[in-house]
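> Before I ask anything, here is the structure I am working with.
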Amino acid sequence: MADRRRINGPPAGTRPPVYASLKESKTGVSERTLRQRQPTELRKFYLKTGMIPTASGSSYLEFAPSAALAAARSNPKSLIPPSSALKVACTVHGPKPLPRSVPFSPNLLLTTHVKFAPFAARKRKGHVRDTTERDLGVHLETALRGAIIAERWPKSGLDITLTIVEAEDDRWWGDAPDSHDASWGMLNVLAGCITAASAAIADAHIDCLDLVSGGVAALVSDDASTAPRLVLDVDPAEHRSIQSACVVAYMPARDEITELWLKGDSSRAALEKSDGRTGHEALIDGAVDAARGANTILTDAVRESIARSFAQV
Amino acid sequence: MASSATTGNPMPPSLSMPPSQFARLQPHAYLRAHLSPPSSDQPSVRANGRATSQFRVTSVNTGSLTHANGSAVVRIGDTTAVCGVRAELLHTSDISSWGVSQAPSKQNPTNTNEAKDSKSEDEDDQGQIQDLNLLVPNLSLSTGCAPGLTPGAPPSALAQSLSHQILSLLHTTNLVRADDLRIWYQPPNFDSEEFHNPGEGMEVDTEQSGGPEREIKAFWVLYIDIMILSMAGNAFDAAWASVLAALRDTKLPNAWWDDDNETILCSDDFAEAHRLTLRGLPIASSFCCFEGDAAAGWRANVIPDAEEQKKKKGSQQKWILADPDGYEEGLTQERACVVVDKENGKTIIVKMEKHGGWNVDSDDLRKLVDVSSQRWDDLKQALEQC
């Protein structure tokens, strides 16, 4: 049944455009751009707090576009973008008193909403939250709940809303889904959401144990002959196949992980001989390193936010 | 203990309070105090430091989203709207009433080639875009943009009303040309090939013998999605400006009907893509009317004496505020919205809406049109810079 609260398109539905054979295309989109960064080199990102003055705390996070995407933007040749760059806006409302209907809670009640904009991904998303968005919300809540000192606000609630204006790709757009395939882009989105939400919570002056940041590591195999190798901050569009990937929410000062999400088969990792770790240990360590990197930017953004609030007083 | 504590405090409690506290406790008196000029020759200044007919600083940024055919971010002060336009295909075979409702004259290629009067074209456009729902604007407020709006809930009445206002304005202004959205197909003329020499003059033959007629195979449907990321008053102006900027930025790929695959194929070449050719540039300006004495109008309504009412109305203080922010919107009942376009320096009123009170009279509305036409110049500059 059509949604009567929204304006619906043609009743029979519409079809996304199909592009003619790209093999003969002169625009050069059919070439995959491989990763230019070192395996341990992280992408740059932009993080700013206080962009949305009506909220008690807010932040905006944007990943730097890859070299291919930056080239495609400055000198467009094809209508198909080579990769995409995460853009997340986060708002925090609260702490606010719980409505009377909610039973007594000695702790701060956390609600997280993650919503993709309809134009966020290659495939158009609906306006109603789907299961992946709800799943991301649950993961995010777990990651943040470990960091917030919830017992300082009894009978209160905190609403955290994340709007994904642009998401990450799950694979290179020209690849057909294969057996190793999963929604790898979700892990990057979650890591970005954790970092952005952490900045917004700090911007709302809510007591936390530490600034929690997200990091992603993956085992990728760019050709079938070699064993998969470990890369940090993976962009799924830049790899032929991802074997396994892991996202962590990490608090560096306490050396604690509040959320761990590992996907895929991590048993065949190509590690050095002297390295005694198993594949998944290496993967988690890699993700923690990536989170540590993100934490430096997060700290700077929070410092700016605090300087701004002192200037206002 | 209690008495010693009170006597031990040497400072009497201060009766003054900071302006921010006054603004919260007595919002109406606070704004009124700001607007009342200290002397009659001085202009009134609003609580946010703007003059009454001054708009907030507006910035426009287009083309920043990767996966949209056209996109724009518009910031009017602290209100932020992000608009993305996605184009999808509607095949005419999917339209149940296609061929029944479609008059053959509209498909006639000779008719489109001729220079015909633009009025009939306009009517044709409007009909097809409206009947087939080719423009689908939806505005979302559930982004945590304001404290009162709960995310995850179905669209509020405000969001539904804003979506509908944008849709009706898109239809009444005829902003998008239906011809930009049509995908034509000229079937090959097999009959003429049999009887005539296929090598030369085939093109001429097909046109003269009037073989199979050129037909519409599909339409582009534009999904126009607006996310209000930050809401600090005047959401409609920001949303409409973002729709306008995103439509100006929209590029549709070159598409054709492929007879072998029986589907529409598109070219990914950027050079072959075409932009929409919009009709005019209608720009919205919103106003609100702040009454000095909020209850004056109520009393006047009870007394049926017209003269007294007029006298009272004359003494009633009112200020018409352009581009209200969230604080001012909360204190006013009466709203006005004027959408204007300019053609050869002449201002055209596209839409005018006023509701919520009777303080804004026809003279005021005339002034508002002048203010709106100034706003048109400013916003046009902002839209063309990006």
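Going through the structure tokens in order, the chains are called A, B, and so on, while each chain numbers its residues from 1 and the ligands are numbered from 1 in the order shown.
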Write down as number ranges by chain the residues of segment 23-84 of chain A whose backbone DSSP state falls under strand (DSSP E or B).
A: 45-49, 57-63, 78
> Next, write the just-selected residues to a file, as a PDB file, in the first residue's frame, keeping N, CA and C atoms as the atom set.

```
ATOM      1  N   PHE A  45      39.905  12.745   7.104  1.00  0.00           N
ATOM      2  CA  PHE A  45      38.505  13.120   7.192  1.00  0.00           C
ATOM      3  C   PHE A  45      38.319  14.448   7.891  1.00  0.00           C
ATOM      4  N   TYR A  46      37.151  15.026   7.634  1.00  0.00           N
ATOM      5  CA  TYR A  46      36.810  16.346   8.146  1.00  0.00           C
ATOM      6  C   TYR A  46      35.789  16.137   9.248  1.00  0.00           C
ATOM      7  N   LEU A  47      36.001  16.738  10.396  1.00  0.00           N
ATOM      8  CA  LEU A  47      35.054  16.588  11.499  1.00  0.00           C
ATOM      9  C   LEU A  47      34.885  17.943  12.157  1.00  0.00           C
ATOM     10  N   LYS A  48      33.642  18.378  12.242  1.00  0.00           N
ATOM     11  CA  LYS A  48      33.385  19.680  12.856  1.00  0.00           C
ATOM     12  C   LYS A  48      32.183  19.553  13.783  1.00  0.00           C
ATOM     13  N   THR A  49      32.231  20.215  14.893  1.00  0.00           N
ATOM     14  CA  THR A  49      31.121  20.158  15.839  1.00  0.00           C
ATOM     15  C   THR A  49      30.341  21.472  15.775  1.00  0.00           C
ATOM     16  N   GLY A  57      23.899  19.137  20.899  1.00  0.00           N
ATOM     17  CA  GLY A  57      25.232  18.817  20.400  1.00  0.00           C
ATOM     18  C   GLY A  57      25.111  18.312  18.981  1.00  0.00           C
ATOM     19  N   SER A  58      26.080  18.630  18.144  1.00  0.00           N
ATOM     20  CA  SER A  58      25.984  18.169  16.760  1.00  0.00           C
ATOM     21  C   SER A  58      27.375  18.051  16.164  1.00  0.00           C
ATOM     22  N   SER A  59      27.485  17.270  15.116  1.00  0.00           N
ATOM     23  CA  SER A  59      28.760  17.155  14.420  1.00  0.00           C
ATOM     24  C   SER A  59      28.510  16.775  12.977  1.00  0.00           C
ATOM     25  N   TYR A  60      29.500  17.006  12.160  1.00  0.00           N
ATOM     26  CA  TYR A  60      29.432  16.637  10.748  1.00  0.00           C
ATOM     27  C   TYR A  60      30.759  16.008  10.364  1.00  0.00           C
ATOM     28  N   LEU A  61      30.678  14.840   9.758  1.00  0.00           N
ATOM     29  CA  LEU A  61      31.894  14.115   9.388  1.00  0.00           C
ATOM     30  C   LEU A  61      31.876  13.838   7.892  1.00  0.00           C
ATOM     31  N   GLU A  62      32.996  14.045   7.254  1.00  0.00           N
ATOM     32  CA  GLU A  62      33.082  13.772   5.819  1.00  0.00           C
ATOM     33  C   GLU A  62      34.442  13.183   5.521  1.00  0.00           C
ATOM     34  N   PHE A  63      34.454  12.051   4.789  1.00  0.00           N
ATOM     35  CA  PHE A  63      35.718  11.451   4.378  1.00  0.00           C
ATOM     36  C   PHE A  63      36.231  12.177   3.147  1.00  0.00           C
ATOM     37  N   SER A  78      32.495  10.729 -16.904  1.00  0.00           N
ATOM     38  CA  SER A  78      31.432   9.742 -16.906  1.00  0.00           C
ATOM     39  C   SER A  78      30.406  10.109 -15.853  1.00  0.00           C
TER      40      SER A  78
END
```
> Could you tell me which residues of chain A sit within 6 Å of chain B when counting only C-alpha atoms, and give me the result as an mmCIF file with C-alpha atoms, in the first residue's frame?

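Okay, this is what ended up in iface29.cif:
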```cif
data_model
loop_
_atom_site.group_PDB
_atom_site.id
_atom_site.type_symbol
_atom_site.label_atom_id
_atom_site.label_comp_id
_atom_site.auth_asym_id
_atom_site.auth_seq_id
_atom_site.Cartn_x
_atom_site.Cartn_y
_atom_site.Cartn_z
ATOM 1 C CA GLY A 9 5.857 8.421 -7.596
ATOM 2 C CA PRO A 10 4.098 6.675 -10.460
ATOM 3 C CA THR A 14 10.100 3.263 -11.875
ATOM 4 C CA ARG A 15 13.277 1.553 -13.014
ATOM 5 C CA PRO A 16 16.773 2.800 -12.341
ATOM 6 C CA PRO A 17 18.653 3.728 -15.522
ATOM 7 C CA VAL A 18 20.604 0.953 -17.255
ATOM 8 C CA TYR A 19 23.823 1.978 -18.919
ATOM 9 C CA ALA A 20 24.835 0.624 -22.305
ATOM 10 C CA ILE A 52 23.432 22.529 13.919
ATOM 11 C CA THR A 54 19.169 23.971 17.377
ATOM 12 C CA LYS A 77 33.930 12.366 -17.947
ATOM 13 C CA SER A 78 31.432 9.742 -16.906
ATOM 14 C CA LEU A 79 28.136 9.929 -15.080
ATOM 15 C CA THR A 91 22.608 15.587 16.257
ATOM 16 C CA PHE A 119 20.158 9.738 -2.417
ATOM 17 C CA ARG A 122 23.802 3.989 -5.762
ATOM 18 C CA THR A 161 20.156 10.942 15.287
#
```
> For segment 66-71 of chain A, list every protein, DNA or RNA residue within 9 Å, evaluated using only C-alpha atoms, and leave out those in the same chain fewer than 3 positions away; present the list as a PDB file with N, CA and C atoms, in the first residue's frame.

```
ATOM      1  N   THR A  33      39.986   1.547 -10.037  1.00  0.00           N
ATOM      2  CA  THR A  33      41.153   2.222  -9.474  1.00  0.00           C
ATOM      3  C   THR A  33      41.527   1.515  -8.186  1.00  0.00           C
ATOM      4  N   ARG A  35      43.867   0.732  -4.704  1.00  0.00           N
ATOM      5  CA  ARG A  35      44.267   1.534  -3.551  1.00  0.00           C
ATOM      6  C   ARG A  35      45.637   2.146  -3.766  1.00  0.00           C
ATOM      7  N   GLN A  36      45.711   3.456  -3.607  1.00  0.00           N
ATOM      8  CA  GLN A  36      46.987   4.161  -3.752  1.00  0.00           C
ATOM      9  C   GLN A  36      47.698   4.295  -2.409  1.00  0.00           C
ATOM     10  N   ARG A  43      42.602   7.247   5.589  1.00  0.00           N
ATOM     11  CA  ARG A  43      42.062   8.367   4.811  1.00  0.00           C
ATOM     12  C   ARG A  43      41.943   9.590   5.709  1.00  0.00           C
ATOM     13  N   PHE A  63      34.454  12.051   4.789  1.00  0.00           N
ATOM     14  CA  PHE A  63      35.718  11.451   4.378  1.00  0.00           C
ATOM     15  C   PHE A  63      36.231  12.177   3.147  1.00  0.00           C
ATOM     16  N   SER A  74      36.489  17.025 -10.450  1.00  0.00           N
ATOM     17  CA  SER A  74      37.048  18.246 -11.038  1.00  0.00           C
ATOM     18  C   SER A  74      36.963  18.208 -12.557  1.00  0.00           C
ATOM     19  N   ASN A  75      37.043  17.003 -13.130  1.00  0.00           N
ATOM     20  CA  ASN A  75      37.001  16.900 -14.583  1.00  0.00           C
ATOM     21  C   ASN A  75      36.063  15.761 -14.951  1.00  0.00           C
ATOM     22  N   PRO A  76      34.753  15.993 -14.920  1.00  0.00           N
ATOM     23  CA  PRO A  76      33.827  14.882 -15.095  1.00  0.00           C
ATOM     24  C   PRO A  76      33.843  14.338 -16.522  1.00  0.00           C
ATOM     25  N   PRO A  81      29.978   7.562 -10.805  1.00  0.00           N
ATOM     26  CA  PRO A  81      31.096   7.923  -9.932  1.00  0.00           C
ATOM     27  C   PRO A  81      31.957   6.693  -9.617  1.00  0.00           C
ATOM     28  N   PRO A  82      33.283   6.828  -9.607  1.00  0.00           N
ATOM     29  CA  PRO A  82      34.149   5.675  -9.356  1.00  0.00           C
ATOM     30  C   PRO A  82      34.050   5.137  -7.932  1.00  0.00           C
ATOM     31  N   SER A  83      33.900   6.007  -6.961  1.00  0.00           N
ATOM     32  CA  SER A  83      33.731   5.530  -5.588  1.00  0.00           C
ATOM     33  C   SER A  83      32.901   6.571  -4.870  1.00  0.00           C
ATOM     34  N   SER A  84      32.718   6.409  -3.592  1.00  0.00           N
ATOM     35  CA  SER A  84      31.943   7.413  -2.882  1.00  0.00           C
ATOM     36  C   SER A  84      32.616   7.724  -1.556  1.00  0.00           C
ATOM     37  N   ALA A  85      32.253   8.832  -0.958  1.00  0.00           N
ATOM     38  CA  ALA A  85      32.908   9.291   0.262  1.00  0.00           C
ATOM     39  C   ALA A  85      31.840   9.513   1.331  1.00  0.00           C
ATOM     40  N   ASP A 235      38.641   0.922   1.717  1.00  0.00           N
ATOM     41  CA  ASP A 235      37.570   1.440   0.859  1.00  0.00           C
ATOM     42  C   ASP A 235      37.172   0.285  -0.052  1.00  0.00           C
TER      43      ASP A 235
ATOM     44  N   THR B  66      27.644  12.611  -4.528  1.00  0.00           N
ATOM     45  CA  THR B  66      28.164  11.755  -5.589  1.00  0.00           C
ATOM     46  C   THR B  66      27.056  11.019  -6.328  1.00  0.00           C
TER      47      THR B  66
END
```
> Name all residues at most 12 Å from Pro27 of chain B (count only C-alpha atoms; drop same-chain ones fewer than 4 positions away) and give them as a short mmCIF file (atom, residue, chain, number, x, y, z; two decimals) with N, CA and C atoms, in the first residue's frame.

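That gives us out_25.cif:
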```
data_model
loop_
_atom_site.label_atom_id
_atom_site.label_comp_id
_atom_site.auth_asym_id
_atom_site.auth_seq_id
_atom_site.Cartn_x
_atom_site.Cartn_y
_atom_site.Cartn_z
N PRO B 19 19.98 39.17 29.35
CA PRO B 19 18.99 39.22 28.25
C PRO B 19 18.52 37.84 27.80
N SER B 20 19.41 36.85 27.85
CA SER B 20 19.02 35.53 27.36
C SER B 20 17.90 34.95 28.23
N GLN B 21 17.96 35.28 29.54
CA GLN B 21 16.93 34.77 30.45
C GLN B 21 15.61 35.50 30.23
N PHE B 22 15.72 36.81 30.00
CA PHE B 22 14.54 37.63 29.72
C PHE B 22 13.85 37.12 28.45
N ALA B 23 14.68 36.76 27.45
CA ALA B 23 14.14 36.28 26.18
C ALA B 23 13.35 35.00 26.36
N LEU B 31 10.93 40.72 22.38
CA LEU B 31 11.00 41.07 20.96
C LEU B 31 10.38 42.45 20.73
N ARG B 32 9.33 42.76 21.47
CA ARG B 32 8.67 44.05 21.33
C ARG B 32 9.60 45.18 21.76
N ALA B 33 10.34 44.93 22.84
CA ALA B 33 11.28 45.94 23.32
C ALA B 33 12.38 46.17 22.30
N HIS B 34 12.78 45.11 21.62
CA HIS B 34 13.81 45.26 20.60
C HIS B 34 13.29 46.04 19.41
N ALA B 47 15.63 41.30 17.46
CA ALA B 47 16.44 40.73 18.53
C ALA B 47 17.70 40.07 17.98
N PHE B 290 4.55 40.47 13.36
CA PHE B 290 4.59 40.49 14.82
C PHE B 290 3.71 41.63 15.32
N TYR B 327 12.86 31.66 16.70
CA TYR B 327 12.35 32.40 17.85
C TYR B 327 11.18 33.29 17.44
N GLU B 328 11.35 33.99 16.31
CA GLU B 328 10.30 34.88 15.83
C GLU B 328 9.09 34.10 15.34
N GLU B 329 9.33 32.93 14.72
CA GLU B 329 8.22 32.13 14.23
C GLU B 329 7.33 31.66 15.37
N GLY B 330 7.95 31.44 16.53
CA GLY B 330 7.18 30.98 17.67
C GLY B 330 6.30 32.06 18.27
N LEU B 331 6.55 33.32 17.93
CA LEU B 331 5.84 34.43 18.56
C LEU B 331 4.80 35.06 17.65
N THR B 332 4.70 34.58 16.43
CA THR B 332 3.80 35.23 15.48
C THR B 332 2.76 34.24 14.97
#
```
> Set the distance at 12 Å and use only C-alpha atoms: which residues neighbour Arg277 of chain A once local chain neighbours fewer than 6 positions away are removed? I'd like the list as a list in words.
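Here the answer would be Ser266, Ser267, Arg268, Ala269, Ala270, Leu271, Leu283, Ile284, Asp285 and Gly286 of chain A.
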> Now that the selection is made, can you save its residues with C-alpha atoms as a CSV table (one decimal), in the first residue's frame?

```
chain,number,residue,atom,x,y,z
A,266,SER,CA,39.8,-14.4,8.7
A,267,SER,CA,41.7,-17.7,8.9
A,268,ARG,CA,43.9,-17.3,5.7
A,269,ALA,CA,45.6,-14.0,6.6
A,270,ALA,CA,49.1,-13.6,5.2
A,271,LEU,CA,51.1,-12.5,8.3
A,283,LEU,CA,42.4,-7.9,12.2
A,284,ILE,CA,41.2,-6.5,15.6
A,285,ASP,CA,44.6,-5.0,16.3
A,286,GLY,CA,44.5,-3.3,12.9
```
> With distances taken over only C-alpha atoms, which of A:Arg134, A:Asp223, A:Phe116, A:Leu42 is nearest to Ala291 of chain A?
A:Leu42
> So, with only C-alpha atoms as the atoms that count, which of B:Trp184, B:Trp319, B:Trp257, B:Trp376 lies closest to Ala241 of chain B?
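Between B:Trp184, B:Trp319, B:Trp257, B:Trp376, the residue approaching Ala241 of chain B most closely is B:Trp376.
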> Between atom CA of Pro18 of chain B and atom CA of Ala200 of chain A, what is the distance in Å, rounded to a tenth?
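Those two atoms sit 27.5 Å apart.
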> Calculated over only C-alpha atoms, which of the candidates A:Asp169, A:Glu238, A:Asp210, A:Asp275 has the smallest distance to Pro252 of chain A?
A:Asp210
> Leaving out Leu162 of chain A and any residue of its chain fewer than 3 positions from it, which residues lie within 8 Å of it when counting only C-alpha atoms, given as a list in words?
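After dropping sequence-adjacent residues, the list is Val88, Ala89, Cys90, Thr91, Thr112, His113, Val114, Lys115, Cys193 and Ala197 of chain A; Thr143 and Gly144 of chain B.
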